[in-house]
>>> print(open('protein_39.tsv').read())   # TSV, C-alpha atoms and all ligand atoms
chain	number	residue	atom	x	y	z
F	1	MET	CA	-29.51	-80.59	2.23
F	2	THR	CA	-26.70	-80.85	4.79
F	3	GLN	CA	-24.81	-84.12	5.11
F	4	PRO	CA	-22.15	-84.51	7.82
F	5	SER	CA	-18.74	-84.72	6.15
F	6	ASN	CA	-17.83	-87.91	8.05
F	7	LEU	CA	-21.06	-89.72	7.19
F	8	GLN	CA	-20.34	-93.45	6.69
F	9	HIS	CA	-22.83	-95.76	4.97
F	10	PHE	CA	-22.68	-99.54	4.48
F	11	LEU	CA	-24.24	-99.98	1.05
F	12	GLN	CA	-21.82	-102.62	-0.16
F	13	PHE	CA	-19.06	-104.62	1.45
F	14	LYS	CA	-16.24	-102.51	0.06
F	15	ASP	CA	-17.64	-99.34	1.70
F	16	LEU	CA	-15.59	-100.29	4.76
F	17	ASP	CA	-11.82	-100.73	4.57
F	18	ARG	CA	-10.02	-103.85	5.69
F	19	ASP	CA	-8.91	-102.38	8.99
F	20	THR	CA	-12.46	-101.39	9.88
F	21	LEU	CA	-13.83	-104.80	8.86
F	22	GLU	CA	-11.28	-106.50	11.11
F	23	TYR	CA	-12.24	-104.14	13.95
F	24	LEU	CA	-15.92	-105.07	13.43
F	25	PHE	CA	-15.19	-108.81	13.64
F	26	ARG	CA	-13.27	-108.29	16.91
F	27	ARG	CA	-15.93	-105.98	18.27
F	28	ALA	CA	-18.78	-108.35	17.34
F	29	LEU	CA	-17.11	-111.08	19.40
F	30	VAL	CA	-16.86	-108.73	22.42
F	31	ILE	CA	-20.53	-107.75	22.04
F	32	LYS	CA	-21.53	-111.41	21.60
F	33	ASP	CA	-19.63	-112.42	24.74
F	34	ARG	CA	-21.41	-109.70	26.76
F	35	PHE	CA	-24.77	-110.80	25.34
F	36	LYS	CA	-24.12	-114.44	26.31
F	37	LYS	CA	-23.18	-113.37	29.85
F	38	TYR	CA	-26.24	-111.12	30.21
F	39	ILE	CA	-23.95	-108.09	30.61
F	40	ARG	CA	-25.89	-104.98	29.69
F	41	HIS	CA	-24.35	-103.17	26.70
F	42	MET	CA	-26.36	-100.08	25.82
F	43	PRO	CA	-24.20	-97.54	24.00
F	44	LEU	CA	-27.09	-96.47	21.73
F	45	LEU	CA	-29.52	-95.23	24.40
F	46	ASP	CA	-32.10	-92.89	22.86
F	47	ARG	CA	-30.97	-93.64	19.28
F	48	THR	CA	-33.58	-94.71	16.74
F	49	LEU	CA	-33.18	-97.07	13.79
F	50	VAL	CA	-35.76	-97.04	11.01
F	51	MET	CA	-35.98	-100.24	8.96
F	52	VAL	CA	-37.58	-100.01	5.51
F	53	PHE	CA	-38.54	-103.34	3.96
F	54	GLU	CA	-39.61	-103.60	0.34
F	55	LYS	CA	-39.07	-107.40	0.42
F	56	ALA	CA	-39.86	-110.11	2.97
F	57	SER	CA	-37.52	-110.94	5.86
F	58	THR	CA	-37.22	-112.99	9.01
F	59	ARG	CA	-33.54	-112.83	10.05
F	60	THR	CA	-32.75	-109.30	8.91
F	61	ARG	CA	-35.75	-107.74	10.59
F	62	LEU	CA	-35.34	-109.69	13.80
F	63	SER	CA	-31.59	-109.19	14.10
F	64	PHE	CA	-31.76	-105.43	13.49
F	65	GLU	CA	-34.81	-104.89	15.67
F	66	ALA	CA	-33.62	-107.06	18.57
F	67	GLY	CA	-30.08	-105.75	18.14
F	68	MET	CA	-31.12	-102.11	18.40
F	69	HIS	CA	-33.21	-102.81	21.51
F	70	GLN	CA	-30.31	-104.66	23.11
F	71	LEU	CA	-28.02	-101.68	22.38
F	72	GLY	CA	-30.47	-99.45	24.27
F	73	GLY	CA	-32.15	-97.83	21.27
F	74	ALA	CA	-35.45	-98.18	19.45
F	75	ALA	CA	-36.24	-99.73	16.07
F	76	ILE	CA	-39.16	-98.85	13.82
F	77	TYR	CA	-40.39	-101.18	11.05
F	78	LEU	CA	-41.78	-99.71	7.83
F	79	ASN	CA	-42.77	-101.53	4.66
F	80	THR	CA	-43.64	-100.37	1.19
F	81	ARG	CA	-47.24	-101.46	1.46
F	82	ASP	CA	-48.06	-99.27	4.47
F	83	THR	CA	-46.01	-96.18	3.64
F	84	GLN	CA	-46.10	-93.45	1.04
F	85	LEU	CA	-43.11	-95.10	-0.67
F	86	GLY	CA	-45.60	-97.63	-2.01
F	87	ARG	CA	-47.65	-94.78	-3.46
F	88	GLY	CA	-44.77	-93.25	-5.36
F	89	GLU	CA	-43.17	-90.81	-2.90
F	90	PRO	CA	-39.68	-90.16	-4.29
F	91	VAL	CA	-36.98	-92.05	-2.44
F	92	GLU	CA	-34.99	-88.81	-2.17
F	93	ASP	CA	-37.86	-87.13	-0.27
F	94	ALA	CA	-38.29	-90.14	2.00
F	95	ALA	CA	-34.57	-89.99	2.80
F	96	GLN	CA	-34.77	-86.32	3.76
F	97	VAL	CA	-37.69	-86.92	6.10
F	98	MET	CA	-36.60	-90.20	7.70
F	99	SER	CA	-33.09	-88.96	8.36
F	100	ARG	CA	-34.41	-85.91	10.23
F	101	MET	CA	-36.40	-88.14	12.59
F	102	CYS	CA	-34.05	-91.10	13.06
F	103	ASP	CA	-30.35	-91.72	13.70
F	104	LEU	CA	-29.81	-94.70	11.43
F	105	VAL	CA	-31.60	-96.27	8.46
F	106	MET	CA	-31.62	-99.86	7.20
F	107	ILE	CA	-33.20	-100.60	3.83
F	108	ARG	CA	-34.06	-103.85	2.03
F	109	THR	CA	-35.05	-103.09	-1.53
F	110	TYR	CA	-34.67	-104.01	-5.22
F	111	GLU	CA	-32.05	-102.21	-7.34
F	112	GLN	CA	-28.87	-100.97	-5.64
F	113	ASP	CA	-29.53	-97.62	-7.31
F	114	ILE	CA	-32.51	-97.08	-4.96
F	115	ILE	CA	-30.41	-97.34	-1.82
F	116	GLU	CA	-27.61	-95.26	-3.37
F	117	ARG	CA	-30.12	-92.49	-4.12
F	118	PHE	CA	-31.55	-92.73	-0.62
F	119	ALA	CA	-28.07	-92.50	0.94
F	120	ALA	CA	-27.17	-89.49	-1.20
F	121	HIS	CA	-30.06	-87.61	0.44
F	122	SER	CA	-29.71	-88.93	3.99
F	123	ARG	CA	-28.22	-87.04	6.93
F	124	VAL	CA	-27.62	-90.31	8.81
F	125	PRO	CA	-25.86	-93.61	8.04
F	126	VAL	CA	-27.69	-96.00	5.73
F	127	ILE	CA	-27.24	-99.80	5.87
F	128	ASN	CA	-28.00	-102.18	3.02
F	129	GLY	CA	-30.26	-104.92	4.38
F	130	LEU	CA	-30.22	-106.65	0.93
F	131	THR	CA	-30.61	-105.41	-2.61
F	132	ASN	CA	-30.75	-107.32	-5.88
F	133	GLU	CA	-26.97	-106.79	-6.16
F	134	TYR	CA	-25.59	-107.15	-2.61
F	135	HIS	CA	-26.19	-108.45	0.91
F	136	PRO	CA	-23.24	-107.03	2.88
F	137	CYS	CA	-24.62	-107.67	6.39
F	138	GLN	CA	-24.94	-111.37	5.55
F	139	ILE	CA	-21.28	-111.68	4.65
F	140	LEU	CA	-20.21	-109.81	7.80
F	141	ALA	CA	-22.01	-112.53	9.76
F	142	ASP	CA	-20.70	-115.35	7.56
F	143	ILE	CA	-17.07	-114.29	7.92
F	144	LEU	CA	-17.56	-113.79	11.66
F	145	THR	CA	-18.81	-117.39	11.77
F	146	PHE	CA	-15.82	-118.62	9.76
F	147	ILE	CA	-13.45	-116.78	12.13
F	148	GLU	CA	-15.12	-118.33	15.19
F	149	HIS	CA	-14.82	-121.84	13.78
F	150	ARG	CA	-11.56	-121.70	11.83
F	151	GLY	CA	-9.70	-118.44	12.55
F	152	SER	CA	-8.75	-115.81	9.94
F	153	ILE	CA	-10.32	-116.17	6.51
F	154	GLU	CA	-7.21	-114.73	4.81
F	155	GLY	CA	-5.83	-117.29	2.36
F	156	ALA	CA	-8.85	-119.59	2.76
F	157	THR	CA	-10.83	-121.07	-0.15
F	158	VAL	CA	-14.60	-120.65	-0.40
F	159	ALA	CA	-16.72	-122.60	-2.91
F	160	TRP	CA	-19.90	-120.86	-4.05
F	161	ILE	CA	-22.35	-123.24	-5.73
F	162	GLY	CA	-25.46	-121.97	-7.57
F	163	ASP	CA	-26.71	-118.55	-8.55
F	164	SER	CA	-24.33	-115.61	-8.95
F	165	ASN	CA	-26.71	-113.48	-6.88
F	166	ASN	CA	-26.49	-110.71	-4.26
F	167	VAL	CA	-24.88	-113.02	-1.67
F	168	CYS	CA	-22.37	-114.38	-4.19
F	169	ASN	CA	-21.43	-110.86	-5.35
F	170	THR	CA	-20.79	-109.86	-1.76
F	171	TRP	CA	-18.57	-112.91	-1.13
F	172	LEU	CA	-16.55	-111.84	-4.17
F	173	GLN	CA	-16.13	-108.28	-2.86
F	174	ALA	CA	-15.14	-109.66	0.53
F	175	ALA	CA	-12.52	-111.90	-1.10
F	176	GLU	CA	-10.87	-108.81	-2.62
F	177	MET	CA	-11.02	-106.91	0.67
F	178	LEU	CA	-9.80	-109.70	2.95
F	179	ASN	CA	-7.60	-111.65	0.54
F	180	PHE	CA	-9.13	-115.09	0.11
F	181	GLN	CA	-10.24	-117.10	-2.92
F	182	VAL	CA	-13.77	-117.94	-4.14
F	183	ARG	CA	-14.37	-120.84	-6.54
F	184	VAL	CA	-17.73	-120.24	-8.20
F	185	SER	CA	-19.85	-122.73	-10.13
F	186	THR	CA	-23.07	-121.57	-11.77
F	187	PRO	CA	-25.14	-123.07	-14.59
F	188	PRO	CA	-24.52	-121.62	-18.06
F	189	GLY	CA	-26.25	-118.27	-18.42
F	190	TYR	CA	-26.03	-117.46	-14.69
F	191	GLU	CA	-22.31	-116.65	-14.48
F	192	VAL	CA	-20.72	-113.93	-12.33
F	193	GLU	CA	-20.72	-110.49	-13.93
F	194	PRO	CA	-17.62	-108.86	-12.41
F	195	GLU	CA	-18.83	-105.33	-13.11
F	196	ARG	CA	-22.25	-105.94	-11.52
F	197	ALA	CA	-20.47	-107.56	-8.57
F	198	GLY	CA	-18.43	-104.36	-8.17
F	199	LEU	CA	-15.06	-106.10	-8.46
F	200	HIS	CA	-11.77	-104.37	-9.20
F	201	ALA	CA	-10.18	-107.51	-10.69
F	202	THR	CA	-10.88	-111.19	-11.21
F	203	SER	CA	-7.83	-112.45	-9.31
F	204	HIS	CA	-9.78	-113.54	-6.22
F	205	PHE	CA	-12.26	-115.79	-7.97
F	206	GLN	CA	-12.27	-118.65	-10.45
F	207	ALA	CA	-15.29	-119.93	-12.38
F	208	PHE	CA	-15.96	-123.66	-12.87
F	209	ALA	CA	-18.56	-125.29	-15.08
F	210	ASP	CA	-18.52	-128.37	-12.82
F	211	PRO	CA	-19.68	-127.79	-9.22
F	212	LEU	CA	-17.71	-130.83	-8.03
F	213	GLU	CA	-14.53	-129.23	-9.32
F	214	ALA	CA	-15.40	-125.91	-7.65
F	215	CYS	CA	-15.64	-127.68	-4.28
F	216	GLN	CA	-12.14	-129.18	-4.52
F	217	GLY	CA	-9.91	-128.02	-1.67
F	218	ALA	CA	-12.54	-125.68	-0.22
F	219	ASP	CA	-12.50	-124.66	3.45
F	220	LEU	CA	-16.10	-123.54	3.17
F	221	VAL	CA	-18.87	-124.61	0.78
F	222	THR	CA	-21.80	-122.23	0.54
F	223	THR	CA	-24.92	-121.74	-1.55
F	224	ASP	CA	-28.24	-119.90	-1.64
F	225	VAL	CA	-31.69	-120.20	-3.18
F	226	TRP	CA	-31.97	-120.76	-6.92
F	227	THR	CA	-34.50	-117.92	-7.22
F	228	SER	CA	-33.94	-114.73	-5.23
F	229	MET	CA	-36.70	-112.34	-4.20
F	230	GLY	CA	-37.77	-110.22	-7.14
F	231	PHE	CA	-36.96	-112.94	-9.71
F	232	GLU	CA	-39.97	-115.20	-9.06
F	233	ALA	CA	-41.11	-115.02	-12.70
F	234	GLU	CA	-37.97	-117.03	-13.60
F	235	ASN	CA	-38.70	-119.77	-11.07
F	236	GLU	CA	-39.58	-122.58	-13.48
F	237	ALA	CA	-36.66	-121.91	-15.83
F	238	ARG	CA	-34.30	-121.73	-12.87
F	239	ARG	CA	-35.52	-125.02	-11.36
F	240	LYS	CA	-34.48	-126.74	-14.60
F	241	ALA	CA	-31.21	-124.85	-15.06
F	242	PHE	CA	-29.99	-125.37	-11.48
F	243	GLU	CA	-30.96	-129.03	-11.12
F	244	HIS	CA	-27.32	-130.19	-10.85
F	245	TRP	CA	-26.27	-127.35	-8.52
F	246	CYS	CA	-27.56	-128.96	-5.34
F	247	VAL	CA	-24.90	-129.17	-2.62
F	248	ASP	CA	-24.85	-132.82	-1.58
F	249	SER	CA	-22.49	-135.16	0.25
F	250	GLU	CA	-20.61	-135.91	-2.99
F	251	MET	CA	-19.77	-132.21	-3.36
F	252	MET	CA	-18.83	-131.90	0.32
F	253	ALA	CA	-16.52	-134.89	-0.12
F	254	GLN	CA	-14.52	-132.89	-2.71
F	255	ALA	CA	-13.87	-130.14	-0.16
F	256	ASN	CA	-11.33	-130.33	2.66
F	257	ALA	CA	-12.24	-132.85	5.34
F	258	ASP	CA	-12.93	-130.08	7.87
F	259	ALA	CA	-14.81	-127.83	5.42
F	260	LEU	CA	-17.78	-125.90	6.79
F	261	PHE	CA	-21.14	-125.53	5.08
F	262	MET	CA	-23.05	-122.21	5.16
F	263	HIS	CA	-26.35	-120.95	3.77
F	264	CYS	CA	-27.77	-117.49	4.46
F	265	LEU	CA	-31.27	-119.00	4.81
F	266	PRO	CA	-34.13	-119.42	4.10
F	267	ALA	CA	-33.18	-122.79	2.57
F	268	HIS	CA	-35.02	-125.21	0.28
F	269	ARG	CA	-33.95	-128.73	1.19
F	270	GLY	CA	-33.82	-130.87	-1.94
F	271	GLU	CA	-33.17	-127.86	-4.20
F	272	GLU	CA	-29.92	-125.94	-3.58
F	273	VAL	CA	-28.85	-128.25	-0.71
F	274	THR	CA	-29.73	-131.71	0.55
F	275	ALA	CA	-31.13	-132.17	4.05
F	276	GLU	CA	-28.16	-134.43	4.77
F	277	VAL	CA	-25.72	-131.54	4.22
F	278	ILE	CA	-27.61	-128.62	5.79
F	279	ASP	CA	-28.60	-130.71	8.82
F	280	GLY	CA	-25.25	-132.52	8.92
F	281	PRO	CA	-22.13	-132.12	11.07
F	282	GLN	CA	-20.29	-129.70	8.75
F	283	SER	CA	-23.18	-127.23	8.66
F	284	VAL	CA	-22.90	-124.06	10.78
F	285	VAL	CA	-26.06	-122.40	9.50
F	286	TRP	CA	-27.55	-121.71	12.96
F	287	ASP	CA	-24.36	-120.04	14.21
F	288	GLU	CA	-24.34	-118.12	10.93
F	289	ALA	CA	-27.93	-116.91	11.43
F	290	GLU	CA	-27.28	-115.95	15.07
F	291	ASN	CA	-24.19	-113.99	14.07
F	292	ARG	CA	-26.35	-111.61	12.04
F	293	LEU	CA	-27.34	-110.19	15.44
F	294	HIS	CA	-23.84	-109.75	16.81
F	295	ALA	CA	-22.21	-108.53	13.60
F	296	GLN	CA	-24.92	-105.93	13.00
F	297	LYS	CA	-24.78	-104.69	16.60
F	298	ALA	CA	-21.07	-104.03	16.05
F	299	LEU	CA	-21.88	-102.35	12.73
F	300	MET	CA	-24.60	-100.08	14.16
F	301	GLU	CA	-22.41	-99.11	17.10
F	302	TYR	CA	-19.53	-98.30	14.74
F	303	LEU	CA	-21.63	-96.24	12.31
F	304	LEU	CA	-23.05	-94.13	15.15
F	305	LEU	CA	-20.18	-93.92	17.63
F	306	GLY	CA	-17.02	-94.91	15.76
F	307	ARG	CA	-14.48	-97.31	17.26
F	308	LEU	CA	-14.83	-98.17	20.96
F	309	ASP	CA	-12.44	-100.04	23.25
F	310	ASP	CA	-9.88	-100.72	20.53
F	401	LIG	N1	-30.54	-114.29	5.32
F	401	LIG	C1	-31.48	-113.33	5.36
F	401	LIG	O1	-31.23	-112.16	5.06
F	401	LIG	O2	-32.69	-113.77	5.81
F	401	LIG	P1	-34.07	-112.96	5.78
F	401	LIG	O3	-34.48	-112.85	4.34
F	401	LIG	O4	-35.00	-113.81	6.59
F	401	LIG	O5	-33.86	-111.60	6.38
F	402	LIG	N1	-30.48	-114.31	-2.51
F	402	LIG	C1	-31.61	-114.31	-1.63
F	402	LIG	C2	-31.18	-114.06	-0.23
F	402	LIG	C3	-32.28	-114.06	0.79
F	402	LIG	C4	-31.80	-113.74	2.17
F	402	LIG	C5	-32.62	-113.28	-2.08
F	402	LIG	O1	-32.20	-112.17	-2.48
F	402	LIG	O2	-33.82	-113.55	-2.04
>>> encode(input="protein_39.tsv", output="structure tokens", more="lines below")
Ligand code: CP
Ligand code: NVA
Amino acid sequence: MTQPSNLQHFLQFKDLDRDTLEYLFRRALVIKDRFKKYIRHMPLLDRTLVMVFEKASTRTRLSFEAGMHQLGGAAIYLNTRDTQLGRGEPVEDAAQVMSRMCDLVMIRTYEQDIIERFAAHSRVPVINGLTNEYHPCQILADILTFIEHRGSIEGATVAWIGDSNNVCNTWLQAAEMLNFQVRVSTPPGYEVEPERAGLHATSHFQAFADPLEACQGADLVTTDVWTSMGFEAENEARRKAFEHWCVDSEMMAQANADALFMHCLPAHRGEEVTAEVIDGPQSVVWDEAENRLHAQKALMEYLLLGRLDD
């Protein structure tokens, strides 16, 4: 197998350095501005993205597929059910084959180990479209959204309320990379595992038993589903355990007066967040969802062409 020596993947947030992340946020805003003005921006003509989904998706599929078309390339959707991956073809063999036919791969799967093994056998960049451990593209979009509304996230305080899942782990990695604080509140038994989150230290996050306390002084309050994909067997136990980890107006009142609310979506109103909060004036969830498109276009362009116009 031959892998280019400069091959860059995005398997977790810390795969990119701070300087590159800051470039991507600037670049995403340029690409977004062109998109809004109907200015054609097609640097990826004739490039092909293959998207492999082992779990369901609305936003990730649409943003990658539409994004690749808008950049001038083509996107191909594969899922486990309809491919030989679902019949036991080794992930290493799939990586060899797909990366000879396509220029870029995005995978949504279960264990992080699967995507790491795929990347180790790929000739082309591989993007994590969500694993059990991480969701790096989501946090690119979330921080882009924060920057648009409030400016730099450096020094800001984020409150994470609920499950210490893939999205939470990625917020924690981002806090280390970009120097901000995350105040996390989870029910007992669902706490952050720093090693699983891939953290170097614990200096950028604090854990709180009380979600109200975690929200104090926050510039952003964010949450996610109580049960992530792949953990459905735990649904009933989680509904009981997370009952008091519903972001409501009382929690938002603990945060700064101009605090934003984010949720990666899909959301369950009445579980992890009340309708009043997610549909209220502090919520930026639709900007956040839209920014998946712009952030990932900047990411795909960077992984294939390097830095442009900077
Ligand atoms: N937030 C997110 O990744 O949404 P999908 O599961 O719809 O892709
Ligand atoms: N934590 C959720 C995110 C969905 C976009 C999950 O993994 O199902």
>>> closest_atom_pairs(input="protein_39.tsv", of="range 78-130 of chain F", to="range 195-210 of chain F", cutoff="12 Å", atoms="all atoms listed in the file", output="JSON lines")
{"residue": "F:Glu111", "atom": "CA", "partner": "F:Arg196", "partner_atom": "CA", "distance": 11.3}
{"residue": "F:Gln112", "atom": "CA", "partner": "F:Arg196", "partner_atom": "CA", "distance": 10.2}
{"residue": "F:Asp113", "atom": "CA", "partner": "F:Arg196", "partner_atom": "CA", "distance": 11.8}
>>> closest_residue(input="protein_39.tsv", among="F:Val221, F:Ile147, F:Ile127, F:Ala298", to="Gln282 in chain F", atoms="only C-alpha atoms")
F:Val221
>>> residues_near_ligand(input="protein_39.tsv", ligand="ligand LIG 401 (chain F)", cutoff="7 Å", atoms="all atoms listed in the file", output="CSV table (one decimal) with C-alpha atoms, in the frame of the given file")
chain,number,residue,atom,x,y,z
F,56,ALA,CA,-39.9,-110.1,3.0
F,57,SER,CA,-37.5,-110.9,5.9
F,58,THR,CA,-37.2,-113.0,9.0
F,59,ARG,CA,-33.5,-112.8,10.0
F,60,THR,CA,-32.8,-109.3,8.9
F,61,ARG,CA,-35.8,-107.7,10.6
F,130,LEU,CA,-30.2,-106.6,0.9
F,138,GLN,CA,-24.9,-111.4,5.6
F,264,CYS,CA,-27.8,-117.5,4.5
F,265,LEU,CA,-31.3,-119.0,4.8
F,266,PRO,CA,-34.1,-119.4,4.1
>>> closest_residue(input="protein_39.tsv", among="F:Val284, F:Val97, F:Ile143, F:Val184", to="Phe118 in chain F", atoms="all atoms listed in the file")
F:Val97
>>> closest_atom_pairs(input="protein_39.tsv", of="chain F", to="ligand LIG 402 (chain F)", cutoff="10 Å", atoms="all atoms listed in the file", output="JSON lines")
{"residue": "F:Lys55", "atom": "CA", "partner": "F:LIG402", "partner_atom": "O2", "distance": 8.5}
{"residue": "F:Ala56", "atom": "CA", "partner": "F:LIG402", "partner_atom": "O2", "distance": 8.6}
{"residue": "F:Ser57", "atom": "CA", "partner": "F:LIG402", "partner_atom": "C4", "distance": 7.4}
{"residue": "F:Thr58", "atom": "CA", "partner": "F:LIG402", "partner_atom": "C4", "distance": 8.8}
{"residue": "F:Arg59", "atom": "CA", "partner": "F:LIG402", "partner_atom": "C4", "distance": 8.1}
{"residue": "F:Thr60", "atom": "CA", "partner": "F:LIG402", "partner_atom": "C4", "distance": 8.1}
{"residue": "F:Arg108", "atom": "CA", "partner": "F:LIG402", "partner_atom": "O1", "distance": 9.6}
{"residue": "F:Thr109", "atom": "CA", "partner": "F:LIG402", "partner_atom": "O1", "distance": 9.6}
{"residue": "F:Tyr110", "atom": "CA", "partner": "F:LIG402", "partner_atom": "O1", "distance": 9.0}
{"residue": "F:Gly129", "atom": "CA", "partner": "F:LIG402", "partner_atom": "C4", "distance": 9.2}
{"residue": "F:Leu130", "atom": "CA", "partner": "F:LIG402", "partner_atom": "O1", "distance": 6.8}
{"residue": "F:Thr131", "atom": "CA", "partner": "F:LIG402", "partner_atom": "O1", "distance": 6.9}
{"residue": "F:Asn132", "atom": "CA", "partner": "F:LIG402", "partner_atom": "O1", "distance": 6.1}
{"residue": "F:Glu133", "atom": "CA", "partner": "F:LIG402", "partner_atom": "O1", "distance": 8.4}
{"residue": "F:Tyr134", "atom": "CA", "partner": "F:LIG402", "partner_atom": "O1", "distance": 8.3}
{"residue": "F:His135", "atom": "CA", "partner": "F:LIG402", "partner_atom": "C2", "distance": 7.6}
{"residue": "F:Gln138", "atom": "CA", "partner": "F:LIG402", "partner_atom": "C4", "distance": 8.0}
{"residue": "F:Asp163", "atom": "CA", "partner": "F:LIG402", "partner_atom": "N1", "distance": 8.3}
{"residue": "F:Ser164", "atom": "CA", "partner": "F:LIG402", "partner_atom": "N1", "distance": 9.0}
{"residue": "F:Asn165", "atom": "CA", "partner": "F:LIG402", "partner_atom": "N1", "distance": 5.8}
{"residue": "F:Asn166", "atom": "CA", "partner": "F:LIG402", "partner_atom": "N1", "distance": 5.7}
{"residue": "F:Val167", "atom": "CA", "partner": "F:LIG402", "partner_atom": "N1", "distance": 5.8}
{"residue": "F:Cys168", "atom": "CA", "partner": "F:LIG402", "partner_atom": "N1", "distance": 8.3}
{"residue": "F:Thr223", "atom": "CA", "partner": "F:LIG402", "partner_atom": "N1", "distance": 9.3}
{"residue": "F:Asp224", "atom": "CA", "partner": "F:LIG402", "partner_atom": "N1", "distance": 6.1}
{"residue": "F:Val225", "atom": "CA", "partner": "F:LIG402", "partner_atom": "N1", "distance": 6.1}
{"residue": "F:Trp226", "atom": "CA", "partner": "F:LIG402", "partner_atom": "N1", "distance": 8.0}
{"residue": "F:Thr227", "atom": "CA", "partner": "F:LIG402", "partner_atom": "O2", "distance": 6.8}
{"residue": "F:Ser228", "atom": "CA", "partner": "F:LIG402", "partner_atom": "O2", "distance": 3.4}
{"residue": "F:Met229", "atom": "CA", "partner": "F:LIG402", "partner_atom": "O2", "distance": 3.8}
{"residue": "F:Gly230", "atom": "CA", "partner": "F:LIG402", "partner_atom": "O2", "distance": 7.3}
{"residue": "F:Phe231", "atom": "CA", "partner": "F:LIG402", "partner_atom": "O2", "distance": 8.3}
{"residue": "F:Glu232", "atom": "CA", "partner": "F:LIG402", "partner_atom": "O2", "distance": 9.5}
{"residue": "F:His263", "atom": "CA", "partner": "F:LIG402", "partner_atom": "C4", "distance": 9.2}
{"residue": "F:Cys264", "atom": "CA", "partner": "F:LIG402", "partner_atom": "C4", "distance": 6.0}
{"residue": "F:Leu265", "atom": "CA", "partner": "F:LIG402", "partner_atom": "C4", "distance": 5.9}
{"residue": "F:Pro266", "atom": "CA", "partner": "F:LIG402", "partner_atom": "C4", "distance": 6.4}
{"residue": "F:Ala267", "atom": "CA", "partner": "F:LIG402", "partner_atom": "C3", "distance": 9.0}
>>> closest_residue(input="protein_39.tsv", among="F:Leu7, F:Met262, F:Leu85, F:Ala175", to="Leu304 in chain F", atoms="all atoms listed in the file")
F:Leu7
>>> closest_residue(input="protein_39.tsv", among="F:Ser283, F:Gln8, F:Ser122, F:Asn291", to="Leu62 in chain F", atoms="only C-alpha atoms")
F:Asn291
>>> closest_residue(input="protein_39.tsv", among="F:Asn235, F:Thr222, F:Gln216, F:Thr170", to="Gln254 in chain F", atoms="all atoms listed in the file")
F:Gln216
>>> closest_residue(input="protein_39.tsv", among="F:Ala119, F:Leu172, F:Leu178, F:Leu293", to="Thr20 in chain F", atoms="only C-alpha atoms")
F:Leu178
>>> atom_distance(input="protein_39.tsv", atom1="CA of Val52 in chain F", atom2="CA of Gln84 in chain F")
11.6 Å
>>> residues_near_point(input="protein_39.tsv", point="(-10.9, -104.8, 18.4)", cutoff="12 Å", atoms="all atoms listed in the file", output="list in words")
Asp19, Thr20, Leu21, Glu22, Tyr23, Leu24, Phe25, Arg26, Arg27, Ala28, Leu29, Val30, Ile31, Ala298, Tyr302, Gly306, Arg307, Leu308, Asp309 and Asp310 of chain F
>>> residues_near_point(input="protein_39.tsv", point="(-33.8, -103.2, 14.0)", cutoff="10 Å", atoms="only C-alpha atoms", output="list in words")
Thr48, Leu49, Val50, Met51, Val52, Thr60, Arg61, Leu62, Ser63, Phe64, Glu65, Ala66, Gly67, Met68, His69, Gln70, Gly73, Ala74, Ala75, Ile76, Tyr77, Leu104, Val105, Met106, Leu293, Gln296, Lys297 and Met300 of chain F
>>> atom_distance(input="protein_39.tsv", atom1="CA of Ala218 in chain F", atom2="CA of Ala253 in chain F")
10.0 Å
>>> atom_distance(input="protein_39.tsv", atom1="CA of Pro4 in chain F", atom2="CA of Thr80 in chain F")
27.5 Å
>>> residues_around(input="protein_39.tsv", residues="Ala257 in chain F", least_positions_apart="4", cutoff="9 Å", atoms="all atoms listed in the file", output="JSON, numbers by chain")
{"F": [217, 219, 252, 253]}
